[in-house]
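Engineer: Once you've had a glance at the structure underneath, I'll fire off some questions.
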Amino acid sequence: MKFIADIEIRGINPYVLVSSARARRIKEGWKKPMPVLVQVNGKPEPAWRINMMPVGDGSFYLYLDGNVRGASGTQVGDRVEVSVAFDGDYRSGPQHDMLPEFEARLADDSAAQMRWGELAPSLQKELLRYLANLKTDEARHRNIERAIRVLGGAKERFMARDWN
């Protein structure tokens, strides 16, 4: 399905709102995060895998990853053509390996390790993808420390959400 929309921002997250009518055309009756393949202005090629997040009224937030915005040369406020298709090949669970440093830090912190095991598979997957896509060792180390803190119970914002 293709449609025209404006890129908006929610907190720090750029997104396009997918109306409930459009969401039903993508996958009738879907109420949880919806796996889709997305392109903005025909980019990236191949289409990027993303989960659209339910708003609660039948519509979905289609958060636009920096890779999608970079490939399409777009930013918040731009009017864009969005192509979205249900990703029938999607499989839940982590698709990135756990970084050895993150695994070691979890092993050293029983509270963080227990909370990690309680996270929904989709959130585990998101966190592992986030850590795997960081570009520098310094950024990875800093964000692993933040992950361990919030998994251990610290009240903090991490990955655009409030923890605990």
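Labels for the structure tokens follow display order: chains A, B, ..., residues from 1 in each chain, ligands from 1.
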Apply DSSP to the backbone of this structure and, from range 7-152 of chain A, keep only the residues in strand (DSSP E); write these as a PyMOL selection string.
Structural biologist: chain A and resi 8-10+13-18+34-40+43-54+60-63+79-86
Engineer: In Å, rounded to a single decimal, give me how far CA of Val36 in chain A is from CA of Asp87 in chain A.
Structural biologist: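 Calculated distance between CA of Asp87 in chain A and CA of Val36 in chain A is 4.5 Å.
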Engineer: Compare A:Ile148, A:Val76, A:Lys27, A:Val16 by their minimum atom-to-atom distance to Met114 in chain A, counting only C-alpha atoms, and give me the closest one.
Structural biologist: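 When distances to Met114 in chain A are compared using only C-alpha atoms, the smallest one comes from A:Ile148.
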Engineer: Find the residues near Gly58 in chain A: any atom within 12 Å, counting only C-alpha atoms, skip ones fewer than 3 places away on the same chain, and give them as a count of residues only.
Structural biologist: 23
Engineer: Can you work out the spacing between CA of Ala112 in chain A and CA of Ala139 in chain A in Å, to one decimal?
Structural biologist: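 Value for the CA of Ala112 in chain A-CA of Ala139 in chain A distance: 19.8 Å.
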Engineer: Here is a test: counting only C-alpha atoms, which residue of A:Gln113, A:Gln124, A:Arg49, A:Thr74 is nearest to Asp89 in chain A?
Structural biologist: A:Arg49
Engineer: Using only C-alpha atoms, which residues sit within 8 Å of range 99-104 of chain A once same-chain residues fewer than 6 positions away are excluded, as a ChimeraX atom specification?
Structural biologist: /A:128,131-132,141,144
Engineer: Take the residues just selected and output them with C-alpha atoms as an mmCIF file, in the first residue's frame.
Structural biologist:
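Resulting contents of selection14.cif:
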```cif
data_model
loop_
_atom_site.group_PDB
_atom_site.id
_atom_site.type_symbol
_atom_site.label_atom_id
_atom_site.label_comp_id
_atom_site.auth_asym_id
_atom_site.auth_seq_id
_atom_site.Cartn_x
_atom_site.Cartn_y
_atom_site.Cartn_z
ATOM 1 C CA LEU A 128 19.926 -6.052 20.902
ATOM 2 C CA LEU A 131 23.214 -2.039 20.704
ATOM 3 C CA ALA A 132 24.381 -3.829 17.533
ATOM 4 C CA HIS A 141 29.944 0.825 26.234
ATOM 5 C CA ILE A 144 25.372 -1.078 27.667
#
```
Engineer: Which residue gives the smallest distance to Gly152 in chain A among A:Lys43, A:Arg10, A:Arg129, A:Arg105, with only C-alpha atoms counted?
Structural biologist: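 Comparing A:Lys43, A:Arg10, A:Arg129, A:Arg105 against Gly152 in chain A, the winner is A:Arg105.
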Engineer: Do you know which residues are at most 12 Å from Leu127 in chain A counting only C-alpha atoms, after dropping those on the same chain fewer than 6 positions away, and could you put them as a CSV table (one decimal) with N, CA, C and O atoms, in the first residue's frame?
Structural biologist:
```csv
chain,number,residue,atom,x,y,z
A,93,GLY,N,11.6,-12.7,18.2
A,93,GLY,CA,12.8,-13.1,18.9
A,93,GLY,C,14.0,-12.3,18.4
A,93,GLY,O,14.0,-11.8,17.3
A,94,PRO,N,15.1,-12.3,19.1
A,94,PRO,CA,16.3,-11.6,18.7
A,94,PRO,C,16.9,-12.0,17.4
A,94,PRO,O,16.9,-13.2,17.2
A,95,GLN,N,17.2,-11.1,16.6
A,95,GLN,CA,17.9,-11.4,15.3
A,95,GLN,C,19.4,-11.0,15.3
A,95,GLN,O,20.1,-11.2,14.4
A,96,HIS,N,19.8,-10.3,16.4
A,96,HIS,CA,21.2,-9.9,16.6
A,96,HIS,C,21.7,-10.7,17.7
A,96,HIS,O,21.0,-11.0,18.7
A,97,ASP,N,23.0,-11.1,17.6
A,97,ASP,CA,23.6,-11.8,18.7
A,97,ASP,C,23.8,-10.8,19.9
A,97,ASP,O,23.9,-9.6,19.7
A,98,MET,N,23.8,-11.4,21.1
A,98,MET,CA,24.1,-10.6,22.2
A,98,MET,C,25.6,-10.2,22.3
A,98,MET,O,26.4,-11.1,22.1
A,99,LEU,N,25.9,-8.9,22.4
A,99,LEU,CA,27.2,-8.5,22.4
A,99,LEU,C,27.9,-9.1,23.7
A,99,LEU,O,27.3,-9.2,24.7
A,102,PHE,N,27.8,-7.0,26.8
A,102,PHE,CA,26.5,-6.9,27.4
A,102,PHE,C,26.2,-8.2,28.1
A,102,PHE,O,25.7,-8.2,29.2
A,116,TRP,N,16.0,-8.9,32.3
A,116,TRP,CA,16.2,-9.2,30.9
A,116,TRP,C,15.3,-10.4,30.5
A,116,TRP,O,14.7,-10.4,29.5
A,119,LEU,N,11.6,-9.5,30.0
A,119,LEU,CA,11.3,-8.6,28.9
A,119,LEU,C,10.6,-9.4,27.8
A,119,LEU,O,10.9,-10.5,27.5
A,120,ALA,N,9.6,-8.7,27.1
A,120,ALA,CA,9.0,-9.3,26.0
A,120,ALA,C,10.1,-9.6,24.9
A,120,ALA,O,11.0,-8.8,24.8
A,121,PRO,N,9.9,-10.7,24.2
A,121,PRO,CA,10.9,-11.0,23.1
A,121,PRO,C,11.1,-9.8,22.1
A,121,PRO,O,12.2,-9.5,21.7
A,133,ASN,N,23.7,-1.8,16.4
A,133,ASN,CA,23.8,-0.7,15.4
A,133,ASN,C,24.6,0.5,15.8
A,133,ASN,O,24.8,1.4,15.0
A,134,LEU,N,25.0,0.5,17.1
A,134,LEU,CA,25.8,1.7,17.5
A,134,LEU,C,27.2,1.6,16.8
A,134,LEU,O,27.8,0.6,16.6
A,140,ARG,N,28.7,2.1,22.4
A,140,ARG,CA,28.3,0.7,22.8
A,140,ARG,C,28.5,0.6,24.3
A,140,ARG,O,27.6,0.2,25.0
A,143,ASN,N,26.0,2.8,26.3
A,143,ASN,CA,24.6,2.3,26.2
A,143,ASN,C,24.4,1.0,26.9
A,143,ASN,O,23.4,0.7,27.4
A,144,ILE,N,25.5,0.2,26.9
A,144,ILE,CA,25.4,-1.1,27.7
A,144,ILE,C,25.2,-0.7,29.1
A,144,ILE,O,24.4,-1.3,29.9
A,146,ARG,N,23.9,2.0,30.4
A,146,ARG,CA,22.6,2.5,30.6
A,146,ARG,C,21.6,1.3,30.7
A,146,ARG,O,20.6,1.3,31.5
A,147,ALA,N,21.7,0.4,29.8
A,147,ALA,CA,20.8,-0.8,29.7
A,147,ALA,C,20.9,-1.6,31.0
A,147,ALA,O,19.8,-2.0,31.6
A,148,ILE,N,22.1,-1.8,31.5
A,148,ILE,CA,22.2,-2.5,32.8
A,148,ILE,C,21.6,-1.8,33.9
A,148,ILE,O,20.9,-2.3,34.8
A,150,VAL,N,19.0,0.4,33.8
A,150,VAL,CA,17.5,0.4,33.7
A,150,VAL,C,17.0,-1.0,34.0
A,150,VAL,O,16.0,-1.2,34.6
A,151,LEU,N,17.7,-2.0,33.5
A,151,LEU,CA,17.3,-3.4,33.8
A,151,LEU,C,17.5,-3.7,35.2
A,151,LEU,O,16.7,-4.6,35.8
A,158,PHE,N,15.6,5.5,28.4
A,158,PHE,CA,16.6,4.8,27.6
A,158,PHE,C,15.8,4.3,26.4
A,158,PHE,O,14.7,3.8,26.5
A,159,MET,N,16.4,4.4,25.2
A,159,MET,CA,15.7,4.0,24.0
A,159,MET,C,14.3,4.6,23.8
A,159,MET,O,13.4,4.0,23.5
A,160,ALA,N,14.3,5.9,24.2
A,160,ALA,CA,13.0,6.7,24.0
A,160,ALA,C,11.9,6.2,24.8
A,160,ALA,O,10.7,6.4,24.5
A,161,ARG,N,12.1,5.6,26.0
A,161,ARG,CA,11.0,5.2,26.9
A,161,ARG,C,11.5,5.4,28.3
A,161,ARG,O,12.7,5.3,28.6
```
Engineer: Any chance you could list, as an MDAnalysis selection string, the residues in chain A that come up helix (DSSP H, G or I) when DSSP is run on the backbone?
Structural biologist: chainID A and resid 20:26 66:72 100:108 110:118 121:132 137:151
Engineer: Excluding Gly77 in chain A and its own-chain neighbours fewer than 6 positions away, which residues fall within 7 Å of it when counting only C-alpha atoms? Please give them as an MDAnalysis selection string.
Structural biologist: chainID A and resid 6:8
Engineer: The selected residues should be written to file as a compact mmCIF listing (two decimals), in the first residue's frame (atoms: C-alpha atoms).
Structural biologist:
```
# COMPACT_ATOMS: atom_id res chain seq x y z
CA ASP A 6 3.96 14.11 6.77
CA ILE A 7 6.84 12.94 8.95
CA GLU A 8 5.98 14.01 12.49
```
Engineer: For CA of Lys135 in chain A and CA of Gly42 in chain A, determine how far apart the two atoms are, in Å to one decimal place.
Structural biologist: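 Going from CA of Lys135 in chain A over to CA of Gly42 in chain A covers 25.6 Å.
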Engineer: Using only C-alpha atoms, which residue out of A:Pro35, A:Glu156, A:Asn41, A:Ser122 lies closest to Asp78 in chain A?
Structural biologist: A:Asn41
Engineer: Under the rule that only C-alpha atoms are counted, which of A:Ser83, A:Asn164, A:Ser110, A:Gln75 is the nearest residue to Pro46 in chain A?
Structural biologist: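 Of A:Ser83, A:Asn164, A:Ser110, A:Gln75, the one nearest Pro46 in chain A, counting only C-alpha atoms, is A:Ser83.
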Engineer: Of the residues A:Glu81, A:Arg149, A:Asn13, A:Glu126, which is the one nearest to Gly66 in chain A, using only C-alpha atoms?
Structural biologist: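 For Gly66 in chain A, the nearest of the given residues is A:Asn13.
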